[in-house]
file data-v7.pdb (PDB, C-alpha atoms)
ATOM      1  CA  MET A   1      14.694 -20.089  77.440
ATOM      2  CA  ILE A   2      12.132 -20.659  74.695
ATOM      3  CA  SER A   3      10.080 -17.584  73.901
ATOM      4  CA  PRO A   4       6.318 -18.006  73.614
ATOM      5  CA  ILE A   5       4.714 -17.815  70.183
ATOM      6  CA  LYS A   6       2.903 -14.553  69.651
ATOM      7  CA  PRO A   7      -0.835 -14.869  68.939
ATOM      8  CA  GLU A   8      -0.457 -12.618  65.871
ATOM      9  CA  LEU A   9       1.936 -15.102  64.281
ATOM     10  CA  LEU A  10      -0.479 -17.952  64.871
ATOM     11  CA  GLN A  11      -3.324 -15.928  63.351
ATOM     12  CA  ALA A  12      -1.184 -15.036  60.326
ATOM     13  CA  ALA A  13      -0.323 -18.702  59.794
ATOM     14  CA  VAL A  14      -4.016 -19.627  59.766
ATOM     15  CA  ILE A  15      -4.943 -16.797  57.392
ATOM     16  CA  GLU A  16      -2.102 -17.658  54.976
ATOM     17  CA  GLN A  17      -3.649 -21.080  54.407
ATOM     18  CA  PHE A  18      -6.645 -19.417  52.727
ATOM     19  CA  LEU A  19      -4.752 -16.878  50.608
ATOM     20  CA  PRO A  20      -3.864 -17.627  47.002
ATOM     21  CA  ALA A  21      -0.256 -18.613  46.435
ATOM     22  CA  GLN A  22       1.995 -15.736  45.416
ATOM     23  CA  LEU A  23       3.782 -16.011  42.086
ATOM     24  CA  SER A  24       7.558 -15.974  41.976
ATOM     25  CA  GLU A  25       9.373 -12.967  40.560
ATOM     26  CA  ALA A  26      10.183 -14.955  37.403
ATOM     27  CA  GLU A  27       6.514 -15.853  36.929
ATOM     28  CA  VAL A  28       5.448 -12.221  37.383
ATOM     29  CA  LYS A  29       8.130 -11.127  34.911
ATOM     30  CA  ALA A  30       6.805 -13.593  32.314
ATOM     31  CA  VAL A  31       3.224 -12.337  32.732
ATOM     32  CA  VAL A  32       4.289  -8.676  32.512
ATOM     33  CA  ALA A  33       6.455  -9.371  29.450
ATOM     34  CA  LYS A  34       3.456 -10.980  27.716
ATOM     35  CA  ILE A  35       1.235  -8.011  28.629
ATOM     36  CA  ILE A  36       3.819  -5.601  27.195
ATOM     37  CA  ALA A  37       4.134  -7.625  23.989
ATOM     38  CA  ASP A  38       0.374  -8.061  23.548
ATOM     39  CA  SER A  39      -0.338  -4.367  24.095
ATOM     40  CA  ASP A  40       2.590  -3.113  21.971
ATOM     41  CA  ALA A  41       3.657  -0.952  24.918
ATOM     42  CA  SER A  42       7.057   0.668  24.931
ATOM     43  CA  GLY A  43       8.847   3.229  27.029
ATOM     44  CA  MET A  44       7.969   4.686  30.385
ATOM     45  CA  ALA A  45       5.016   6.548  28.860
ATOM     46  CA  ALA A  46       3.199   3.197  28.797
ATOM     47  CA  MET A  47       3.813   2.544  32.512
ATOM     48  CA  GLY A  48       0.239   3.410  33.567
ATOM     49  CA  LYS A  49      -1.336   1.305  30.851
ATOM     50  CA  VAL A  50       0.842  -1.721  31.624
ATOM     51  CA  MET A  51       0.412  -1.336  35.400
ATOM     52  CA  GLY A  52      -3.374  -1.262  34.998
ATOM     53  CA  LEU A  53      -3.401  -4.416  32.904
ATOM     54  CA  ALA A  54      -0.823  -6.222  35.043
ATOM     55  CA  SER A  55      -2.546  -5.305  38.303
ATOM     56  CA  ALA A  56      -5.820  -6.716  37.011
ATOM     57  CA  VAL A  57      -4.252  -9.953  35.769
ATOM     58  CA  LEU A  58      -2.059 -10.448  38.837
ATOM     59  CA  ALA A  59      -4.568  -9.389  41.504
ATOM     60  CA  GLY A  60      -4.036 -11.509  44.586
ATOM     61  CA  LYS A  61      -1.092 -13.289  43.000
ATOM     62  CA  ALA A  62       1.623 -10.632  43.393
ATOM     63  CA  ASP A  63       2.028  -7.424  45.351
ATOM     64  CA  GLY A  64       1.945  -4.058  43.641
ATOM     65  CA  LYS A  65       5.522  -3.146  44.473
ATOM     66  CA  THR A  66       6.870  -6.280  42.797
ATOM     67  CA  ILE A  67       4.703  -5.672  39.734
ATOM     68  CA  SER A  68       5.794  -2.030  39.533
ATOM     69  CA  THR A  69       9.483  -2.868  39.823
ATOM     70  CA  ILE A  70       9.257  -5.442  37.044
ATOM     71  CA  VAL A  71       7.205  -3.178  34.776
ATOM     72  CA  LYS A  72       9.790  -0.390  35.180
ATOM     73  CA  LYS A  73      12.647  -2.775  34.354
ATOM     74  CA  LEU A  74      10.948  -4.141  31.256
ATOM     75  CA  LEU A  75       9.827  -0.756  29.912
ATOM     76  CA  SER A  76      13.109   1.068  30.426
TER      77      SER A  76
END

call {"tool": "encode", "arguments": {"input": "data-v7.pdb", "output": "structure tokens"}}
result
Amino acid sequence: MISPIKPELLQAAVIEQFLPAQLSEAEVKAVVAKIIADSDASGMAAMGKVMGLASAVLAGKADGKTISTIVKKLLS
């Protein structure tokens, strides 16, 4: 038996058409690496500074958790 499509899934599909495309993890990593290099940030003490800059640059293009994970990796 084929299950019916839920209305929420149809609505999500329509909304996704109007959202900006999300960057891949590699693309986010490249942007964050450039931000770190340009701001001479180093170590976990710079996490807040880098997150602020990265969040502004990547707004709507990547989710905060992905950005945070990459920033932590690159600063540690």

call {"tool": "atom_distance", "arguments": {"input": "data-v7.pdb", "atom1": "atom CA of Ala33 of chain A", "atom2": "atom CA of Leu74 of chain A"}}
result
7.1 Å

call {"tool": "closest_residue", "arguments": {"input": "data-v7.pdb", "among": "A:Met44, A:Val71, A:Leu10, A:Ala62", "to": "Glu27 of chain A", "atoms": "all atoms listed in the file"}}
result
A:Ala62

call {"tool": "closest_residue", "arguments": {"input": "data-v7.pdb", "among": "A:Lys6, A:Gln11, A:Ala46, A:Val28", "to": "Lys65 of chain A", "atoms": "all atoms listed in the file"}}
result
A:Val28

call {"tool": "atom_distance", "arguments": {"input": "data-v7.pdb", "atom1": "atom CA of Ile36 of chain A", "atom2": "atom CA of Ala59 of chain A"}}
result
17.0 Å

call {"tool": "residues_near_point", "arguments": {"input": "data-v7.pdb", "point": "(9.2, -5.9, 39.6)", "cutoff": "12 Å", "atoms": "only C-alpha atoms", "output": "number ranges by chain"}}
result
A: 23-33, 51, 54-55, 62-75

call {"tool": "axis_aligned_box", "arguments": {"input": "data-v7.pdb", "around": "segment 22-38 of chain A", "padding_each_side": "3 Å", "output": "lines of an AutoDock Vina configuration file"}}
result
center_x = 5.3
center_y = -10.8
center_z = 34.5
size_x = 15.8
size_y = 16.4
size_z = 27.9

call {"tool": "atom_distance", "arguments": {"input": "data-v7.pdb", "atom1": "atom CA of Asp38 of chain A", "atom2": "atom CA of Leu58 of chain A"}}
result
15.7 Å

call {"tool": "residues_near_point", "arguments": {"input": "data-v7.pdb", "point": "(-1.1, -2.9, 27.4)", "cutoff": "8 Å", "atoms": "only C-alpha atoms", "output": "PyMOL selection string"}}
result
chain A and resi 35-41+46+49-50+53

call {"tool": "decode", "arguments": {"input": "data-v7.pdb", "residues": "segment 27-46 of chain A", "atoms": "N, CA and C atoms", "output": "PDB file, in the first residue's frame"}}
result
ATOM      1  N   GLU A  27      32.847  24.138   1.347  1.00  0.00           N
ATOM      2  CA  GLU A  27      32.735  25.561   1.040  1.00  0.00           C
ATOM      3  C   GLU A  27      32.725  26.395   2.323  1.00  0.00           C
ATOM      4  N   VAL A  28      32.016  25.916   3.336  1.00  0.00           N
ATOM      5  CA  VAL A  28      31.972  26.615   4.623  1.00  0.00           C
ATOM      6  C   VAL A  28      33.368  26.634   5.238  1.00  0.00           C
ATOM      7  N   LYS A  29      34.067  25.499   5.154  1.00  0.00           N
ATOM      8  CA  LYS A  29      35.415  25.403   5.709  1.00  0.00           C
ATOM      9  C   LYS A  29      36.338  26.415   5.035  1.00  0.00           C
ATOM     10  N   ALA A  30      36.233  26.577   3.734  1.00  0.00           N
ATOM     11  CA  ALA A  30      37.067  27.529   3.001  1.00  0.00           C
ATOM     12  C   ALA A  30      36.781  28.965   3.449  1.00  0.00           C
ATOM     13  N   VAL A  31      35.514  29.301   3.623  1.00  0.00           N
ATOM     14  CA  VAL A  31      35.138  30.647   4.065  1.00  0.00           C
ATOM     15  C   VAL A  31      35.663  30.904   5.470  1.00  0.00           C
ATOM     16  N   VAL A  32      35.481  29.941   6.373  1.00  0.00           N
ATOM     17  CA  VAL A  32      35.930  30.098   7.761  1.00  0.00           C
ATOM     18  C   VAL A  32      37.455  30.203   7.811  1.00  0.00           C
ATOM     19  N   ALA A  33      38.149  29.401   7.020  1.00  0.00           N
ATOM     20  CA  ALA A  33      39.611  29.459   6.995  1.00  0.00           C
ATOM     21  C   ALA A  33      40.084  30.844   6.546  1.00  0.00           C
ATOM     22  N   LYS A  34      39.414  31.428   5.569  1.00  0.00           N
ATOM     23  CA  LYS A  34      39.773  32.770   5.097  1.00  0.00           C
ATOM     24  C   LYS A  34      39.504  33.801   6.186  1.00  0.00           C
ATOM     25  N   ILE A  35      38.389  33.665   6.890  1.00  0.00           N
ATOM     26  CA  ILE A  35      38.064  34.597   7.982  1.00  0.00           C
ATOM     27  C   ILE A  35      39.135  34.517   9.068  1.00  0.00           C
ATOM     28  N   ILE A  36      39.553  33.307   9.415  1.00  0.00           N
ATOM     29  CA  ILE A  36      40.578  33.124  10.442  1.00  0.00           C
ATOM     30  C   ILE A  36      41.895  33.757   9.991  1.00  0.00           C
ATOM     31  N   ALA A  37      42.271  33.528   8.753  1.00  0.00           N
ATOM     32  CA  ALA A  37      43.519  34.091   8.233  1.00  0.00           C
ATOM     33  C   ALA A  37      43.469  35.615   8.172  1.00  0.00           C
ATOM     34  N   ASP A  38      42.359  36.152   7.687  1.00  0.00           N
ATOM     35  CA  ASP A  38      42.224  37.608   7.543  1.00  0.00           C
ATOM     36  C   ASP A  38      42.188  38.331   8.883  1.00  0.00           C
ATOM     37  N   SER A  39      41.666  37.659   9.914  1.00  0.00           N
ATOM     38  CA  SER A  39      41.538  38.310  11.216  1.00  0.00           C
ATOM     39  C   SER A  39      42.679  37.950  12.162  1.00  0.00           C
ATOM     40  N   ASP A  40      43.653  37.178  11.682  1.00  0.00           N
ATOM     41  CA  ASP A  40      44.785  36.737  12.499  1.00  0.00           C
ATOM     42  C   ASP A  40      44.332  36.069  13.800  1.00  0.00           C
ATOM     43  N   ALA A  41      43.230  35.349  13.740  1.00  0.00           N
ATOM     44  CA  ALA A  41      42.695  34.662  14.912  1.00  0.00           C
ATOM     45  C   ALA A  41      43.457  33.367  15.134  1.00  0.00           C
ATOM     46  N   SER A  42      43.625  33.030  16.409  1.00  0.00           N
ATOM     47  CA  SER A  42      44.251  31.755  16.730  1.00  0.00           C
ATOM     48  C   SER A  42      43.790  31.304  18.103  1.00  0.00           C
ATOM     49  N   GLY A  43      43.656  30.016  18.256  1.00  0.00           N
ATOM     50  CA  GLY A  43      43.257  29.442  19.528  1.00  0.00           C
ATOM     51  C   GLY A  43      41.772  29.605  19.818  1.00  0.00           C
ATOM     52  N   MET A  44      41.327  28.862  20.798  1.00  0.00           N
ATOM     53  CA  MET A  44      39.910  28.864  21.148  1.00  0.00           C
ATOM     54  C   MET A  44      39.455  30.196  21.747  1.00  0.00           C
ATOM     55  N   ALA A  45      40.382  31.020  22.194  1.00  0.00           N
ATOM     56  CA  ALA A  45      40.019  32.331  22.725  1.00  0.00           C
ATOM     57  C   ALA A  45      39.390  33.207  21.639  1.00  0.00           C
ATOM     58  N   ALA A  46      39.685  32.920  20.396  1.00  0.00           N
ATOM     59  CA  ALA A  46      39.156  33.702  19.274  1.00  0.00           C
ATOM     60  C   ALA A  46      37.835  33.144  18.740  1.00  0.00           C
TER      61      ALA A  46
END
